[in-house]
>>> print(open('work.cif').read())   # mmCIF, C-alpha atoms
data_coords
loop_
_atom_site.group_PDB
_atom_site.id
_atom_site.type_symbol
_atom_site.label_atom_id
_atom_site.label_comp_id
_atom_site.auth_asym_id
_atom_site.auth_seq_id
_atom_site.Cartn_x
_atom_site.Cartn_y
_atom_site.Cartn_z
ATOM 1 C CA MET N 237 0.000 0.000 0.000
ATOM 2 C CA LEU N 238 3.048 2.277 0.236
ATOM 3 C CA ILE N 239 3.845 1.584 -3.408
ATOM 4 C CA ALA N 240 1.614 2.797 -6.235
ATOM 5 C CA ASP N 241 1.828 4.468 -9.634
ATOM 6 C CA VAL N 242 -0.044 7.674 -8.891
ATOM 7 C CA ASP N 243 -0.171 11.198 -10.294
ATOM 8 C CA PHE N 244 0.931 12.498 -6.905
ATOM 9 C CA HIS N 245 4.583 12.138 -7.873
ATOM 10 C CA LEU N 246 7.480 13.470 -5.811
ATOM 11 C CA ASN N 247 7.597 16.999 -7.225
ATOM 12 C CA ILE N 248 3.836 17.368 -6.744
ATOM 13 C CA ALA N 249 4.265 16.034 -3.212
ATOM 14 C CA TYR N 250 6.799 18.790 -2.486
ATOM 15 C CA GLU N 251 4.453 21.467 -3.795
ATOM 16 C CA GLN N 252 1.338 20.191 -2.047
ATOM 17 C CA TYR N 253 2.290 18.184 1.052
ATOM 18 C CA ARG N 254 1.327 21.124 3.312
ATOM 19 C CA LEU N 255 -2.132 21.089 1.730
ATOM 20 C CA TYR N 256 -2.882 17.395 1.847
ATOM 21 C CA LYS N 257 -5.198 16.310 4.639
ATOM 22 C CA THR N 258 -5.567 12.647 5.512
ATOM 23 C CA PRO N 259 -9.199 11.552 5.008
ATOM 24 C CA ASP N 260 -10.855 10.323 8.204
ATOM 25 C CA SER N 261 -11.388 6.854 6.763
ATOM 26 C CA VAL N 262 -7.674 6.552 5.913
ATOM 27 C CA PHE N 263 -6.680 7.910 9.331
ATOM 28 C CA ASN N 264 -8.841 5.325 11.132
ATOM 29 C CA MET N 265 -7.477 2.505 8.980
ATOM 30 C CA LEU N 266 -3.882 3.591 9.603
ATOM 31 C CA LYS N 267 -4.524 3.944 13.328
ATOM 32 C CA MET N 268 -5.655 0.302 13.482
ATOM 33 C CA PHE N 269 -2.666 -0.703 11.370
ATOM 34 C CA LEU N 270 -0.239 1.112 13.659
ATOM 35 C CA ASP N 271 -1.783 -0.502 16.741
ATOM 36 C CA GLU N 272 -0.825 -3.914 15.367
ATOM 37 C CA ILE N 273 2.663 -3.139 14.042
ATOM 38 C CA ALA N 274 5.837 -2.385 16.015
ATOM 39 C CA GLU N 275 7.295 1.104 15.585
ATOM 40 C CA ASP N 276 10.556 -0.216 14.151
ATOM 41 C CA VAL N 277 8.653 -2.091 11.457
ATOM 42 C CA ILE N 278 6.964 1.148 10.342
ATOM 43 C CA TYR N 279 10.334 2.805 9.839
ATOM 44 C CA ILE N 280 11.696 -0.243 7.996
ATOM 45 C CA LEU N 281 8.686 -0.244 5.666
ATOM 46 C CA ILE N 282 9.168 3.424 4.799
ATOM 47 C CA ARG N 283 12.923 3.015 4.374
ATOM 48 C CA ASN N 284 12.519 -0.017 2.110
ATOM 49 C CA VAL N 285 10.033 1.779 -0.117
ATOM 50 C CA LEU N 286 12.419 4.701 -0.588
ATOM 51 C CA THR N 287 15.514 2.568 -1.165
ATOM 52 C CA GLN N 288 13.900 0.001 -3.462
ATOM 53 C CA HIS N 289 10.830 1.642 -5.025
ATOM 54 C CA SER N 290 11.266 5.418 -4.685
ATOM 55 C CA GLU N 291 10.063 6.010 -8.251
ATOM 56 C CA LYS N 292 6.732 4.308 -7.423
ATOM 57 C CA ALA N 293 6.210 5.487 -3.852
ATOM 58 C CA ASN N 294 2.654 6.387 -2.837
ATOM 59 C CA TRP N 295 3.545 9.739 -1.278
ATOM 60 C CA LYS N 296 0.039 10.538 -0.070
ATOM 61 C CA PHE N 297 -0.082 7.295 1.868
ATOM 62 C CA ILE N 298 3.420 7.717 3.307
ATOM 63 C CA LEU N 299 2.651 11.273 4.445
ATOM 64 C CA SER N 300 -0.623 10.072 5.963
ATOM 65 C CA LEU N 301 1.179 7.235 7.740
ATOM 66 C CA ILE N 302 3.653 9.660 9.309
ATOM 67 C CA SER N 303 0.892 12.104 10.298
ATOM 68 C CA THR N 304 -1.157 9.345 11.903
ATOM 69 C CA PHE N 305 1.886 7.986 13.732
ATOM 70 C CA VAL N 306 2.713 11.401 15.227
ATOM 71 C CA LYS N 307 -0.889 12.062 16.263
ATOM 72 C CA THR N 308 -1.493 8.659 17.847
ATOM 73 C CA LYS N 309 1.921 7.823 19.317
ATOM 74 C CA HIS N 310 3.063 11.039 20.989
ATOM 75 C CA ASP N 311 5.672 9.318 23.139
ATOM 76 C CA ARG N 312 7.326 7.679 20.127
ATOM 77 C CA CYS N 313 7.190 10.391 17.457
ATOM 78 C CA HIS N 314 10.621 11.824 18.294
ATOM 79 C CA MET N 315 12.074 8.339 17.936
ATOM 80 C CA LEU N 316 10.619 8.175 14.431
ATOM 81 C CA LYS N 317 11.978 11.628 13.651
ATOM 82 C CA LEU N 318 15.503 10.579 14.681
ATOM 83 C CA LYS N 319 15.317 7.455 12.545
ATOM 84 C CA LEU N 320 14.119 9.441 9.528
ATOM 85 C CA GLU N 321 16.878 11.992 10.090
ATOM 86 C CA ASP N 322 19.447 9.208 10.224
ATOM 87 C CA PHE N 323 18.073 7.722 6.998
ATOM 88 C CA PHE N 324 18.208 11.125 5.293
ATOM 89 C CA ASN N 325 21.857 11.540 6.290
ATOM 90 C CA GLN N 326 22.591 8.078 4.920
ATOM 91 C CA THR N 327 21.150 9.045 1.539
ATOM 92 C CA LEU N 328 23.386 12.130 1.437
ATOM 93 C CA SER N 329 26.483 9.971 1.839
ATOM 94 C CA GLN N 330 25.752 7.911 -1.276
ATOM 95 C CA SER N 331 27.339 8.528 -4.651
ATOM 96 C CA ILE N 332 25.308 10.883 -6.834
ATOM 97 C CA THR N 333 23.038 9.066 -9.252
ATOM 98 C CA GLU N 334 19.530 9.721 -10.506
ATOM 99 C CA LYS N 335 18.167 7.079 -8.124
ATOM 100 C CA SER N 336 20.113 8.349 -5.094
ATOM 101 C CA PHE N 337 18.934 11.908 -5.806
ATOM 102 C CA LEU N 338 15.337 10.666 -5.859
ATOM 103 C CA MET N 339 15.920 8.967 -2.507
ATOM 104 C CA GLN N 340 17.424 12.144 -1.053
ATOM 105 C CA LYS N 341 14.410 14.180 -2.132
ATOM 106 C CA GLY N 342 12.018 11.615 -0.718
ATOM 107 C CA ALA N 343 13.942 11.248 2.536
ATOM 108 C CA LEU N 344 14.022 15.022 3.081
ATOM 109 C CA LEU N 345 10.304 15.279 2.307
ATOM 110 C CA ILE N 346 9.222 12.678 4.849
ATOM 111 C CA PHE N 347 11.702 13.860 7.505
ATOM 112 C CA ARG N 348 10.529 17.446 7.145
ATOM 113 C CA HIS N 349 6.894 16.339 7.208
ATOM 114 C CA CYS N 350 7.553 14.476 10.466
ATOM 115 C CA CYS N 351 9.085 17.637 11.969
ATOM 116 C CA LEU N 352 6.099 19.742 10.925
ATOM 117 C CA GLU N 353 3.606 17.260 12.327
ATOM 118 C CA ILE N 354 5.464 17.298 15.654
ATOM 119 C CA GLY N 355 6.019 21.026 16.069
ATOM 120 C CA LEU N 356 5.293 22.882 12.828
ATOM 121 C CA TRP N 357 8.134 24.957 11.380
ATOM 122 C CA SER N 358 9.741 25.649 14.751
ATOM 123 C CA GLU N 359 10.660 21.943 14.989
ATOM 124 C CA TYR N 360 12.223 21.977 11.526
ATOM 125 C CA ASN N 361 13.966 25.293 12.239
ATOM 126 C CA ARG N 362 15.566 23.845 15.361
ATOM 127 C CA TRP N 363 16.889 20.905 13.410
ATOM 128 C CA TYR N 364 18.185 22.984 10.512
ATOM 129 C CA SER N 365 19.923 25.601 12.679
ATOM 130 C CA SER N 366 21.801 22.869 14.589
ATOM 131 C CA TYR N 367 22.546 20.633 11.594
ATOM 132 C CA LYS N 368 26.244 19.761 11.381
ATOM 133 C CA PRO N 369 27.047 17.739 8.269
ATOM 134 C CA ASN N 370 30.620 16.998 7.259
ATOM 135 C CA VAL N 371 32.113 18.704 4.224
ATOM 136 C CA ASP N 372 31.055 16.120 1.643
ATOM 137 C CA THR N 373 27.561 15.756 3.074
ATOM 138 C CA ALA N 374 27.093 19.534 3.246
ATOM 139 C CA LYS N 375 27.899 19.898 -0.442
ATOM 140 C CA VAL N 376 25.359 17.231 -1.388
ATOM 141 C CA PHE N 377 22.791 18.711 1.030
ATOM 142 C CA TYR N 378 22.971 22.219 -0.415
ATOM 143 C CA SER N 379 23.055 20.845 -3.937
ATOM 144 C CA LEU N 380 19.789 19.077 -3.111
ATOM 145 C CA LEU N 381 18.240 22.230 -1.646
ATOM 146 C CA THR N 382 19.321 24.188 -4.727
ATOM 147 C CA GLU N 383 17.631 21.671 -7.032
ATOM 148 C CA LEU N 384 14.454 21.983 -4.948
ATOM 149 C CA LEU N 385 14.292 25.797 -5.148
ATOM 150 C CA PRO N 386 11.651 25.985 -7.918
ATOM 151 C CA ILE N 387 9.242 23.686 -6.047
ATOM 152 C CA ASP N 388 10.072 24.231 -2.374
ATOM 153 C CA VAL N 389 7.468 25.962 -0.230
ATOM 154 C CA PRO N 390 8.112 29.568 0.905
ATOM 155 C CA ALA N 391 8.168 28.598 4.589
ATOM 156 C CA ALA N 392 11.055 26.200 3.933
ATOM 157 C CA LEU N 393 12.988 28.858 2.034
ATOM 158 C CA ALA N 394 12.482 31.296 4.893
ATOM 159 C CA ALA N 395 13.649 28.679 7.404
ATOM 160 C CA HIS N 396 16.835 28.122 5.403
ATOM 161 C CA ILE N 397 17.496 31.851 5.103
ATOM 162 C CA ASN N 398 16.739 33.046 8.629
ATOM 163 C CA THR N 399 19.022 30.763 10.623
ATOM 164 C CA GLN N 400 22.147 29.178 9.197
ATOM 165 C CA PRO N 401 23.836 26.078 10.637
ATOM 166 C CA LYS N 402 27.468 26.704 11.573
ATOM 167 C CA LEU N 403 29.493 24.781 9.032
ATOM 168 C CA THR N 404 33.223 24.524 8.492
ATOM 169 C CA GLU N 405 34.865 27.268 6.470
ATOM 170 C CA SER N 406 35.281 25.007 3.451
ATOM 171 C CA CYS N 407 31.477 24.675 3.237
ATOM 172 C CA GLY N 408 30.855 28.398 3.440
ATOM 173 C CA ASP N 409 30.765 29.016 -0.302
ATOM 174 C CA VAL N 410 28.197 26.362 -1.151
ATOM 175 C CA GLN N 411 26.041 27.505 1.753
ATOM 176 C CA SER N 412 26.189 31.199 0.836
ATOM 177 C CA VAL N 413 25.409 30.462 -2.829
ATOM 178 C CA TYR N 414 22.290 28.571 -1.814
ATOM 179 C CA VAL N 415 21.170 31.286 0.624
ATOM 180 C CA LYS N 416 21.451 33.965 -2.092
ATOM 181 C CA ARG N 417 19.422 31.855 -4.523
ATOM 182 C CA ALA N 418 16.829 31.064 -1.846
ATOM 183 C CA GLN N 419 16.499 34.783 -1.049
ATOM 184 C CA ALA N 420 16.018 35.550 -4.749
ATOM 185 C CA GLN N 421 13.389 32.815 -5.058
ATOM 186 C CA LEU N 422 11.512 34.064 -1.996
ATOM 187 C CA ILE N 423 11.548 37.617 -3.377
ATOM 188 C CA LYS N 424 10.294 36.265 -6.713
ATOM 189 C CA ILE N 425 7.425 34.521 -4.948
ATOM 190 C CA ASN N 426 6.556 37.567 -2.857
ATOM 191 C CA HIS N 427 6.831 40.168 -5.622
ATOM 192 C CA GLY N 428 5.395 40.190 -9.081
ATOM 193 C CA GLU N 429 4.811 36.471 -9.603
ATOM 194 C CA ASP N 430 1.095 36.990 -9.302
ATOM 195 C CA TYR N 431 0.200 33.808 -11.153
ATOM 196 C CA MET N 432 1.715 31.760 -8.328
ATOM 197 C CA GLY N 433 -1.321 30.942 -6.248
ATOM 198 C CA LEU N 434 -1.514 29.046 -2.995
ATOM 199 C CA PHE N 435 -1.691 25.695 -4.713
ATOM 200 C CA LYS N 436 0.021 25.772 -8.100
ATOM 201 C CA ASN N 437 1.201 27.918 -10.985
ATOM 202 C CA TYR N 438 -1.734 28.603 -13.256
ATOM 203 C CA ASP N 439 -1.230 28.429 -17.021
ATOM 204 C CA ASP N 440 -4.521 30.231 -17.530
ATOM 205 C CA CYS N 441 -4.831 33.379 -15.437
ATOM 206 C CA GLN N 442 -8.625 33.503 -15.764
ATOM 207 C CA ASN N 443 -10.277 33.084 -12.362
ATOM 208 C CA ARG N 444 -6.996 31.849 -10.856
ATOM 209 C CA HIS N 445 -7.381 33.896 -7.655
ATOM 210 C CA GLU N 446 -10.986 32.899 -7.107
ATOM 211 C CA SER N 447 -9.938 29.283 -7.610
ATOM 212 C CA ASP N 448 -7.679 29.563 -4.565
ATOM 213 C CA ILE N 449 -10.571 30.997 -2.568
ATOM 214 C CA VAL N 450 -12.886 28.152 -3.587
ATOM 215 C CA LYS N 451 -10.365 25.554 -2.431
ATOM 216 C CA VAL N 452 -9.717 27.108 0.972
ATOM 217 C CA LEU N 453 -13.429 27.645 1.573
ATOM 218 C CA GLU N 454 -14.150 24.001 0.728
ATOM 219 C CA SER N 455 -11.548 22.955 3.297
ATOM 220 C CA TYR N 456 -12.922 25.420 5.869
ATOM 221 C CA LYS N 457 -16.444 24.095 5.351
ATOM 222 C CA SER N 458 -15.373 20.507 6.028
ATOM 223 C CA THR N 459 -12.927 21.134 8.909
ATOM 224 C CA GLY N 460 -13.893 24.470 10.464
ATOM 225 C CA GLN N 461 -10.189 25.369 10.414
ATOM 226 C CA ILE N 462 -8.046 27.725 8.330
ATOM 227 C CA MET N 463 -5.713 25.743 6.073
ATOM 228 C CA ARG N 464 -2.069 25.827 7.100
ATOM 229 C CA VAL N 465 -1.051 27.031 3.644
ATOM 230 C CA VAL N 466 -3.165 30.172 4.154
ATOM 231 C CA LEU N 467 -1.583 30.942 7.527
ATOM 232 C CA GLU N 468 1.891 30.316 6.137
ATOM 233 C CA ALA N 469 1.186 32.621 3.189
ATOM 234 C CA CYS N 470 0.251 35.350 5.677
ATOM 235 C CA VAL N 471 3.760 35.143 7.128
ATOM 236 C CA PHE N 472 5.971 34.086 4.231
ATOM 237 C CA ARG N 473 4.098 35.581 1.244
ATOM 238 C CA ASN N 474 2.568 38.615 2.886
ATOM 239 C CA LYS N 475 2.453 40.763 -0.236
ATOM 240 C CA TYR N 476 0.537 38.073 -2.136
ATOM 241 C CA PHE N 477 -1.625 37.293 0.911
ATOM 242 C CA THR N 478 -2.673 40.902 1.474
ATOM 243 C CA GLY N 479 -2.653 42.276 -2.056
ATOM 244 C CA THR N 480 -4.129 39.312 -3.914
ATOM 245 C CA PHE N 481 -5.623 36.654 -1.661
ATOM 246 C CA LEU N 482 -7.414 38.954 0.799
ATOM 247 C CA LYS N 483 -8.387 41.396 -1.932
ATOM 248 C CA THR N 484 -10.091 38.594 -3.859
ATOM 249 C CA LEU N 485 -11.596 37.036 -0.742
ATOM 250 C CA MET N 486 -13.102 40.318 0.473
ATOM 251 C CA ASN N 487 -14.482 41.490 -2.858
ATOM 252 C CA THR N 488 -17.986 42.646 -1.937
ATOM 253 C CA GLN N 489 -19.058 42.661 -5.591
ATOM 254 C CA LEU N 490 -19.196 38.875 -5.395
ATOM 255 C CA VAL N 491 -22.377 37.153 -4.285
ATOM 256 C CA ASP N 492 -22.800 37.411 -0.516
ATOM 257 C CA ASP N 493 -21.739 34.069 0.936
ATOM 258 C CA GLU N 494 -22.232 33.074 4.564
ATOM 259 C CA LEU N 495 -19.307 30.650 4.403
ATOM 260 C CA ARG N 496 -16.986 33.272 2.926
ATOM 261 C CA ASN N 497 -18.060 35.827 5.568
ATOM 262 C CA SER N 498 -17.465 33.300 8.352
ATOM 263 C CA PHE N 499 -14.004 32.568 6.935
ATOM 264 C CA ILE N 500 -13.157 36.278 6.876
ATOM 265 C CA GLU N 501 -14.340 36.725 10.464
ATOM 266 C CA LYS N 502 -12.232 33.732 11.518
ATOM 267 C CA LEU N 503 -9.131 35.217 9.859
ATOM 268 C CA ASN N 504 -9.798 38.559 11.484
ATOM 269 C CA SER N 505 -10.168 36.962 14.931
ATOM 270 C CA MET N 506 -6.654 35.560 14.414
ATOM 271 C CA ASN N 507 -5.338 39.064 13.549
ATOM 272 C CA LYS N 508 -4.500 38.008 9.979
ATOM 273 C CA ILE N 509 -6.338 40.862 8.256
ATOM 274 C CA PRO N 510 -5.052 44.469 8.360
ATOM 275 C CA LYS N 511 -7.430 46.597 10.405
ATOM 276 C CA ASN N 512 -8.105 49.075 7.586
ATOM 277 C CA MET N 513 -8.989 46.270 5.148
ATOM 278 C CA TYR N 514 -11.389 44.673 7.603
ATOM 279 C CA THR N 515 -13.046 47.997 8.468
ATOM 280 C CA LYS N 516 -13.505 48.830 4.782
ATOM 281 C CA TRP N 517 -14.990 45.401 4.119
ATOM 282 C CA LYS N 518 -17.483 45.748 6.989
ATOM 283 C CA GLN N 519 -18.555 49.155 5.731
ATOM 284 C CA GLU N 520 -19.000 47.850 2.193
ATOM 285 C CA GLN N 521 -20.966 44.898 3.536
ATOM 286 C CA LYS N 522 -23.407 47.309 5.183
ATOM 287 C CA SER N 523 -23.645 49.366 1.998
ATOM 288 C CA VAL N 524 -24.476 46.290 -0.055
ATOM 289 C CA TYR N 525 -27.029 45.131 2.529
ATOM 290 C CA PHE N 526 -28.879 48.451 2.699
ATOM 291 C CA SER N 527 -28.691 49.301 -1.004
#
>>> encode(input="work.cif", output="structure tokens")
Amino acid sequence: MLIADVDFHLNIAYEQYRLYKTPDSVFNMLKMFLDEIAEDVIYILIRNVLTQHSEKANWKFILSLISTFVKTKHDRCHMLKLKLEDFFNQTLSQSITEKSFLMQKGALLIFRHCCLEIGLWSEYNRWYSSYKPNVDTAKVFYSLLTELLPIDVPAALAAHINTQPKLTESCGDVQSVYVKRAQAQLIKINHGEDYMGLFKNYDDCQNRHESDIVKVLESYKSTGQIMRVVLEACVFRNKYFTGTFLKTLMNTQLVDDELRNSFIEKLNSMNKIPKNMYTKWKQEQKSVYFS
């Protein structure tokens, strides 16, 4: 079940893993599965899939397995994180081939996902800031991060920019080159790349912003919670979040929608909407109502 030919391939997994929510039916099935299987076996299963079948890995199922493990086995989740970290470091020590690069990408994805399920980005930040690879491993690590720049999420780029691990002097160049490229990519995302929505790059710009709104409202309707990708955009893509996402969301010319209004009020209660924008929206709501 961890192996499948699916459209959710590794690059798509990197772009969307912060959006994917495990269906309740899958969560309940995995919970029963985890109750019957030893923790070490879970790690071995994941490791074997990545080492032997990384090109056919069912990434949705692997991410769901890790999420369910963290949520149901609180006392063992850090053990899993350490094992996944160790596996990731092992992949970095291998000779560079197309298959080993695929394993490195997969290993980083699942390790990072485990960190985020345990303690969101603060958990990943703590690991990254204290990471101490040797010279050879550091070069492979930053080469991997550089290859991931076009598809990596803004929060990861910000984590890599804000706090740098202290590496040996011989690794300084490769680290600084990556940081400069990550800064440029984050600026590109935050400024001017308006077609880059919350979920994907849109080939057709028509209705692209409203499409983002539809997706987050559908999630809000089913869960009652603001999607993590929206909250992360507020922090790491603030220009897009305020100038495009909120502007589209709070367009009073659209049909009045109770769900949309509830979503806006929820965002405002979390202090995610600038006061002047919220005040203007409330005034326009009254104008529409009394017109």
>>> atom_distance(input="work.cif", atom1="CA of Gly342 (chain N)", atom2="CA of Arg283 (chain N)")
10.0 Å
>>> resolve_selection(input="work.cif", expression="the PyMOL selection byres ((chain N and resi 498) around 12)", output="PyMOL selection string")
chain N and resi 453+456-457+460-462+485-486+492-497+499-505
>>> residues_near_point(input="work.cif", point="(-2.6, 6.0, 9.3)", cutoff="10 Å", atoms="all atoms listed in the file", output="list in words")
Thr258, Pro259, Asp260, Ser261, Val262, Phe263, Asn264, Met265, Leu266, Lys267, Met268, Phe269, Leu270, Asp271, Phe297, Ile298, Leu299, Ser300, Leu301, Ile302, Ser303, Thr304, Phe305, Val306, Lys307 and Thr308 of chain N
>>> residues_around(input="work.cif", residues="Cys470 (chain N)", least_positions_apart="4", cutoff="10 Å", atoms="only C-alpha atoms", output="PyMOL selection string")
chain N and resi 464-466+474-478+481-482+508-509
>>> residues_around(input="work.cif", residues="Arg473 (chain N)", least_positions_apart="5", cutoff="10 Å", atoms="all atoms listed in the file", output="PyMOL selection string")
chain N and resi 390-391+422-423+425-427+434+466-468+478
>>> resolve_selection(input="work.cif", expression="the PyMOL selection byres ((chain N and resi 312-326) around 8)", output="PyMOL selection string")
chain N and resi 275+279+283+305-306+309-311+327-330+340+343-344+346-347+350-351+354+373
>>> axis_aligned_box(input="work.cif", around="region 449-462 of chain N", padding_each_side="6 Å", output="lines of an AutoDock Vina configuration file")
center_x = -12.2
center_y = 25.8
center_z = 3.4
size_x = 20.4
size_y = 22.5
size_z = 26.1
>>> atom_distance(input="work.cif", atom1="CA of Thr287 (chain N)", atom2="CA of Ala249 (chain N)")
17.7 Å
>>> closest_residue(input="work.cif", among="N:Val415, N:Ile282, N:Ile397, N:Val452", to="Thr382 (chain N)", atoms="all atoms listed in the file")
N:Val415
>>> residues_near_point(input="work.cif", point="(-13.1, 45.3, 5.1)", cutoff="10 Å", atoms="all atoms listed in the file", output="JSON, numbers by chain")
{"N": [482, 483, 486, 487, 488, 500, 504, 509, 510, 511, 512, 513, 514, 515, 516, 517, 518, 519, 520, 521]}
>>> resolve_selection(input="work.cif", expression="the PyMOL selection byres ((chain N and resi 368) around 7)", output="MDAnalysis selection string")
chainID N and resid 366:367 369:370 401 403
